[in-house]
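Undergrad: Please find one structure pasted underneath; my questions will follow.
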Amino acid sequence: MTELLPGANVAVPTGPLDLVIRWSCGSALDASAVLLGAGGKVRTDADLVFYNQPEAECGAVRHQGGAPGRQSLLVQPERLPADVERVVIAATLDDGSFADVRDLALELHDSRGAVAAAFPVRAAGRETLLLLGEVYRRQGGWRLRALGQGYDTGLAGLAADFGVTVDDQPPTDQATPQLAPADPVSLRKEIVRVNLAKRGAAGVRARVALVLDRSGSMRPLYNGGTVGRLVERMAPVAAVVDDDGSLDAWIFADHCARLPTLTIPGLAEWIERNVYIRAGHRQLPELPGGRSRPDHLIDVFGGNNEPEVIRDILAHYAERPGDPVLVLFFSDGGINRSRQIQDLLTQAASQPLFWQFIGLGKSEYGILERFDTLPGRVVDNAGFFQVDDFDRITDAELYDRLLSEFPQWLAEARRLGIA
């Protein structure tokens, strides 16, 4: 038997490999594995193997469960497709941290059950997930490398780094057996926490405002459910950073309206009531069973009037001093009031609001694309990025782009006494 130190590696025997995680005391552990491609990311969300999704590649990697003090994963390298470069083995805790776990080790068992290699893990920090080792390709064969690196954000930290999307959509292929997904809201909240921690903003407190474009060109995105799914992915941001977990919301076209405050327990009902658009006498998306909504947004239709909603948001928070504000402003473009927007955001630079604009598609975004060079502001208080297909971007990438500038603005705004 070979005993490994962190970073050391060893050739693995041929045949199926049993990766066993052992420990003697502490909280219950769960084993997980991630299949990674050449870029160090999962190819699809099915590449995460854990208790709720116990196998990948028709059983080439399989969660085998275990007993108190023992969990195991089966890896069959010869059955892995050519685009899988490595399989990372991890352990997560139900409660507490790895500082409370004793005699933790990763063992490599060959097809006969003999221990071919062992890695005694000596982590003793706040980690709630540890990357224990990886089985990886090397010169036509496979090797095992000891890792011993961890996160204090559990399974979501692993998901955020390796590009796993949290998807709660129902299966489309009913002929294929589907496995129950993890709670999407909880994982999304953890991905947000991981992202903020990496940017030195762990525990930051801010109010969050969501702004939805309701101009006529947005009809396909409303009708196809994209805007509803957008709201589902923004609510966890507020749940993490707002002190009461609430999300303020506006909707705009030629005119704007403030929507009721949103919290996660009422998410589905809020979306059904507020996330729709009119097409003649129809409401899109249509409700099941031919039901219709009370049309309380009858005056919000037509084109784009960003200045009106920006002014309304500024007035709202000027009357309610408190934590700084992160404004998440979604639009499909067609910006034609660039000068007014520039003047408003220049004047607003001394206010504790950061404006993160997100483009939905490939339209003309005018001034939104020129924020980095916008002169005359005491601090850079706005950012912009464009998403050609919102439904295909992973949660990890979305939150990474969504939160990329806010922590930097917050630090500078605090230094200047703005926030």
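Residues are named by chain letter and number: chains run A, B, ... in the order of the structure tokens, numbers start at 1 in each chain, and ligands are numbered from 1 in the order shown.
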Could you write out, as a ChimeraX atom specification, all the residues of region 219-367 of chain A that DSSP marks as strand (DSSP E or B)?
TA: /A:247-252,256-262,277-279,282-284,325-331,353-360
Undergrad: Taking 4 positions as the minimum chain separation for residues in the same chain, which residues sit within 6 Å of region 29-33 of chain A when counting only C-alpha atoms? Answer as a list in words.
TA: Val49, Phe50, Val88, Ile89, Ala90, Ala91, Thr92 and Leu93 of chain A
Undergrad: Please report, as JSON lines, each residue of region 173-255 of chain A lying at most 8 Å from region 307-324 of chain A, together with the nearest pair of atoms and the separation in Å rounded to one decimal; use only C-alpha atoms, and order rows by chain and ascending residue number.
TA:
{"residue": "A:Arg205", "atom": "CA", "partner": "A:Asp323", "partner_atom": "CA", "distance": 6.6}
{"residue": "A:Ala206", "atom": "CA", "partner": "A:Pro324", "partner_atom": "CA", "distance": 5.0}
{"residue": "A:Arg207", "atom": "CA", "partner": "A:Asp323", "partner_atom": "CA", "distance": 6.1}
{"residue": "A:Trp250", "atom": "CA", "partner": "A:Val309", "partner_atom": "CA", "distance": 7.5}
{"residue": "A:Ile251", "atom": "CA", "partner": "A:Val309", "partner_atom": "CA", "distance": 8.0}
{"residue": "A:Phe252", "atom": "CA", "partner": "A:Val309", "partner_atom": "CA", "distance": 6.6}
{"residue": "A:His255", "atom": "CA", "partner": "A:Glu308", "partner_atom": "CA", "distance": 7.0}
Undergrad: Can you tell me, as an NGL selection string, what residues are no more than 7 Å from region 130-145 of chain A when counting only C-alpha atoms, ignoring any on the same chain fewer than 3 positions away?
TA: :A and (7-12 or 85-92 or 106 or 127 or 148-151)
Undergrad: So that I have them on file, write out the residues from the current selection with C-alpha atoms, as a PDB file, in the first residue's frame.
TA:
ATOM      1  CA  GLY A   7      -0.079  16.731  -4.114  1.00  0.00           C
ATOM      2  CA  ALA A   8       1.450  13.259  -4.483  1.00  0.00           C
ATOM      3  CA  ASN A   9       0.140  10.858  -7.118  1.00  0.00           C
ATOM      4  CA  VAL A  10       0.208   7.175  -7.916  1.00  0.00           C
ATOM      5  CA  ALA A  11      -0.800   4.976 -10.846  1.00  0.00           C
ATOM      6  CA  VAL A  12      -4.131   3.232 -10.305  1.00  0.00           C
ATOM      7  CA  GLU A  85     -10.126  14.345 -18.204  1.00  0.00           C
ATOM      8  CA  ARG A  86     -10.504  13.740 -14.472  1.00  0.00           C
ATOM      9  CA  VAL A  87     -12.884  12.738 -11.711  1.00  0.00           C
ATOM     10  CA  VAL A  88     -12.633  14.753  -8.492  1.00  0.00           C
ATOM     11  CA  ILE A  89     -13.613  13.008  -5.236  1.00  0.00           C
ATOM     12  CA  ALA A  90     -15.043  15.177  -2.449  1.00  0.00           C
ATOM     13  CA  ALA A  91     -16.641  14.879   0.994  1.00  0.00           C
ATOM     14  CA  THR A  92     -19.267  17.195   2.464  1.00  0.00           C
ATOM     15  CA  LEU A 106      -9.301   8.542   1.306  1.00  0.00           C
ATOM     16  CA  GLU A 127     -14.181  23.653   5.695  1.00  0.00           C
ATOM     17  CA  GLY A 148      -6.846  18.030   0.570  1.00  0.00           C
ATOM     18  CA  GLN A 149      -8.308  21.405  -0.505  1.00  0.00           C
ATOM     19  CA  GLY A 150     -11.590  22.691   0.891  1.00  0.00           C
ATOM     20  CA  TYR A 151     -14.459  25.178   0.963  1.00  0.00           C
TER      21      TYR A 151
END
Undergrad: For Leu147 (chain A), which of A:Thr263, A:Pro288, A:Gln386, A:Phe119 is the closest residue, counting only C-alpha atoms?
TA: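 Among the listed residues, A:Phe119 lies closest to Leu147 (chain A).
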Undergrad: Ranking A:Tyr222, A:Phe371, A:Phe406, A:Phe354 by minimum distance to Gly200 (chain A) and counting only C-alpha atoms, which one comes first?
TA: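 Of all the options, A:Phe406 lies closest to Gly200 (chain A).
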Undergrad: Counting only C-alpha atoms, figure out which residue out of A:Leu158, A:Ser217, A:Glu397, A:Asp244 gets nearest to Ser363 (chain A).
TA: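 So, comparing all the options, the nearest one is A:Ser217.
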Undergrad: For Gly37 (chain A), find every residue with an atom within 12 Å (counting only C-alpha atoms), except residues of its own chain fewer than 2 positions away, and show them as a list in words.
TA: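 Counting only C-alpha atoms, the residues come to Val34, Leu35, Gly39, Gly40, Lys41, Val42, Arg43, Thr44, Asp47, Leu80, Pro81, Ala82, Asp83, Val84, Glu85, Arg86, Val87, Val88, Tyr136, Arg137, Phe162 and Gly163 of chain A.
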Undergrad: For region 185-243 of chain A against region 387-393 of chain A, with a cut-off of 8 Å and counting only C-alpha atoms, what is the closest atom pair and its distance in Å to one decimal for every residue that makes the cut, ordered by chain and number, as CSV?
TA:
residue,atom,partner,partner_atom,distance
A:Thr226,CA,A:Asp391,CA,6.7
A:Arg229,CA,A:Asp391,CA,7.9
A:Leu230,CA,A:Phe390,CA,7.8
Undergrad: What does the file look like for those residues with all heavy atoms, as a PDB file, in the first residue's frame?
TA:
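again-v3.pdb written:
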ATOM      1  N   THR A 226     -38.819  32.880 -19.800  1.00  0.00           N
ATOM      2  CA  THR A 226     -37.463  33.301 -19.435  1.00  0.00           C
ATOM      3  C   THR A 226     -37.485  34.362 -18.347  1.00  0.00           C
ATOM      4  O   THR A 226     -36.667  34.315 -17.414  1.00  0.00           O
ATOM      5  CB  THR A 226     -36.715  33.829 -20.672  1.00  0.00           C
ATOM      6  OG1 THR A 226     -36.510  32.752 -21.588  1.00  0.00           O
ATOM      7  CG2 THR A 226     -35.364  34.422 -20.293  1.00  0.00           C
ATOM      8  N   ARG A 229     -38.082  32.776 -15.003  1.00  0.00           N
ATOM      9  CA  ARG A 229     -36.890  32.063 -14.520  1.00  0.00           C
ATOM     10  C   ARG A 229     -35.798  33.034 -14.109  1.00  0.00           C
ATOM     11  O   ARG A 229     -35.008  32.756 -13.193  1.00  0.00           O
ATOM     12  CB  ARG A 229     -36.395  31.099 -15.604  1.00  0.00           C
ATOM     13  CG  ARG A 229     -37.370  29.939 -15.828  1.00  0.00           C
ATOM     14  CD  ARG A 229     -36.813  28.900 -16.769  1.00  0.00           C
ATOM     15  NE  ARG A 229     -36.749  29.330 -18.154  1.00  0.00           N
ATOM     16  CZ  ARG A 229     -37.753  29.240 -19.016  1.00  0.00           C
ATOM     17  NH1 ARG A 229     -38.923  28.761 -18.625  1.00  0.00           N
ATOM     18  NH2 ARG A 229     -37.608  29.627 -20.263  1.00  0.00           N
ATOM     19  N   LEU A 230     -35.766  34.187 -14.750  1.00  0.00           N
ATOM     20  CA  LEU A 230     -34.824  35.237 -14.358  1.00  0.00           C
ATOM     21  C   LEU A 230     -35.103  35.676 -12.915  1.00  0.00           C
ATOM     22  O   LEU A 230     -34.174  35.805 -12.101  1.00  0.00           O
ATOM     23  CB  LEU A 230     -34.983  36.396 -15.338  1.00  0.00           C
ATOM     24  CG  LEU A 230     -34.208  37.697 -15.196  1.00  0.00           C
ATOM     25  CD1 LEU A 230     -34.209  38.398 -16.549  1.00  0.00           C
ATOM     26  CD2 LEU A 230     -34.814  38.630 -14.166  1.00  0.00           C
TER      27      LEU A 230
END
Undergrad: Excluding Pro220 (chain A) and residues on its chain fewer than 6 positions from it, collect all residues at most 10 Å away from it, counting only C-alpha atoms, and give them as an mmCIF file with N, CA and C atoms, in the first residue's frame.
TA:
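In the end it all went to part-v2.cif:
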data_model
loop_
_atom_site.group_PDB
_atom_site.id
_atom_site.type_symbol
_atom_site.label_atom_id
_atom_site.label_comp_id
_atom_site.auth_asym_id
_atom_site.auth_seq_id
_atom_site.Cartn_x
_atom_site.Cartn_y
_atom_site.Cartn_z
ATOM 1 N N THR A 226 -38.819 32.880 -19.800
ATOM 2 C CA THR A 226 -37.463 33.301 -19.435
ATOM 3 C C THR A 226 -37.485 34.362 -18.347
ATOM 4 N N VAL A 227 -38.388 35.317 -18.413
ATOM 5 C CA VAL A 227 -38.417 36.391 -17.409
ATOM 6 C C VAL A 227 -38.785 35.818 -16.041
ATOM 7 N N ILE A 277 -46.921 39.934 -19.832
ATOM 8 C CA ILE A 277 -46.972 41.035 -20.776
ATOM 9 C C ILE A 277 -48.230 40.876 -21.612
ATOM 10 N N LEU A 284 -49.450 37.141 -21.667
ATOM 11 C CA LEU A 284 -48.397 36.146 -21.898
ATOM 12 C C LEU A 284 -47.405 36.186 -20.742
ATOM 13 N N PRO A 285 -47.009 35.016 -20.170
ATOM 14 C CA PRO A 285 -47.486 33.680 -20.545
ATOM 15 C C PRO A 285 -48.902 33.437 -20.025
#
Undergrad: Quote the spacing between CA of Ala159 (chain A) and CA of Arg401 (chain A) in Å to one decimal place.
TA: 15.8 Å
Undergrad: What's the 9 Å shell around Pro13 (chain A), counting only C-alpha atoms, without same-chain residues fewer than 4 positions away, as a JSON list (two decimals) with C-alpha atoms, in the first residue's frame?
TA:
[["chain", "number", "residue", "atom", "x", "y", "z"],
["A", 17, "LEU", "CA", -11.81, 1.43, -8.50],
["A", 109, "HIS", "CA", -9.34, -0.10, -3.34],
["A", 110, "ASP", "CA", -8.67, -2.27, -6.38],
["A", 111, "SER", "CA", -11.14, -4.68, -8.00],
["A", 116, "ALA", "CA", -3.72, 0.10, -3.15],
["A", 142, "TRP", "CA", -4.91, 6.85, -15.10],
["A", 143, "ARG", "CA", -3.45, 8.11, -11.84]]
Undergrad: Which residues come within 12 Å of Arg233 (chain A), counting only C-alpha atoms, excluding same-chain residues fewer than 2 positions away, as a PyMOL selection string?
TA: chain A and resi 165-168+184-189+191-192+210+226-231+235-239+247+264+267+271+328+390-391+393-396+398-399+402
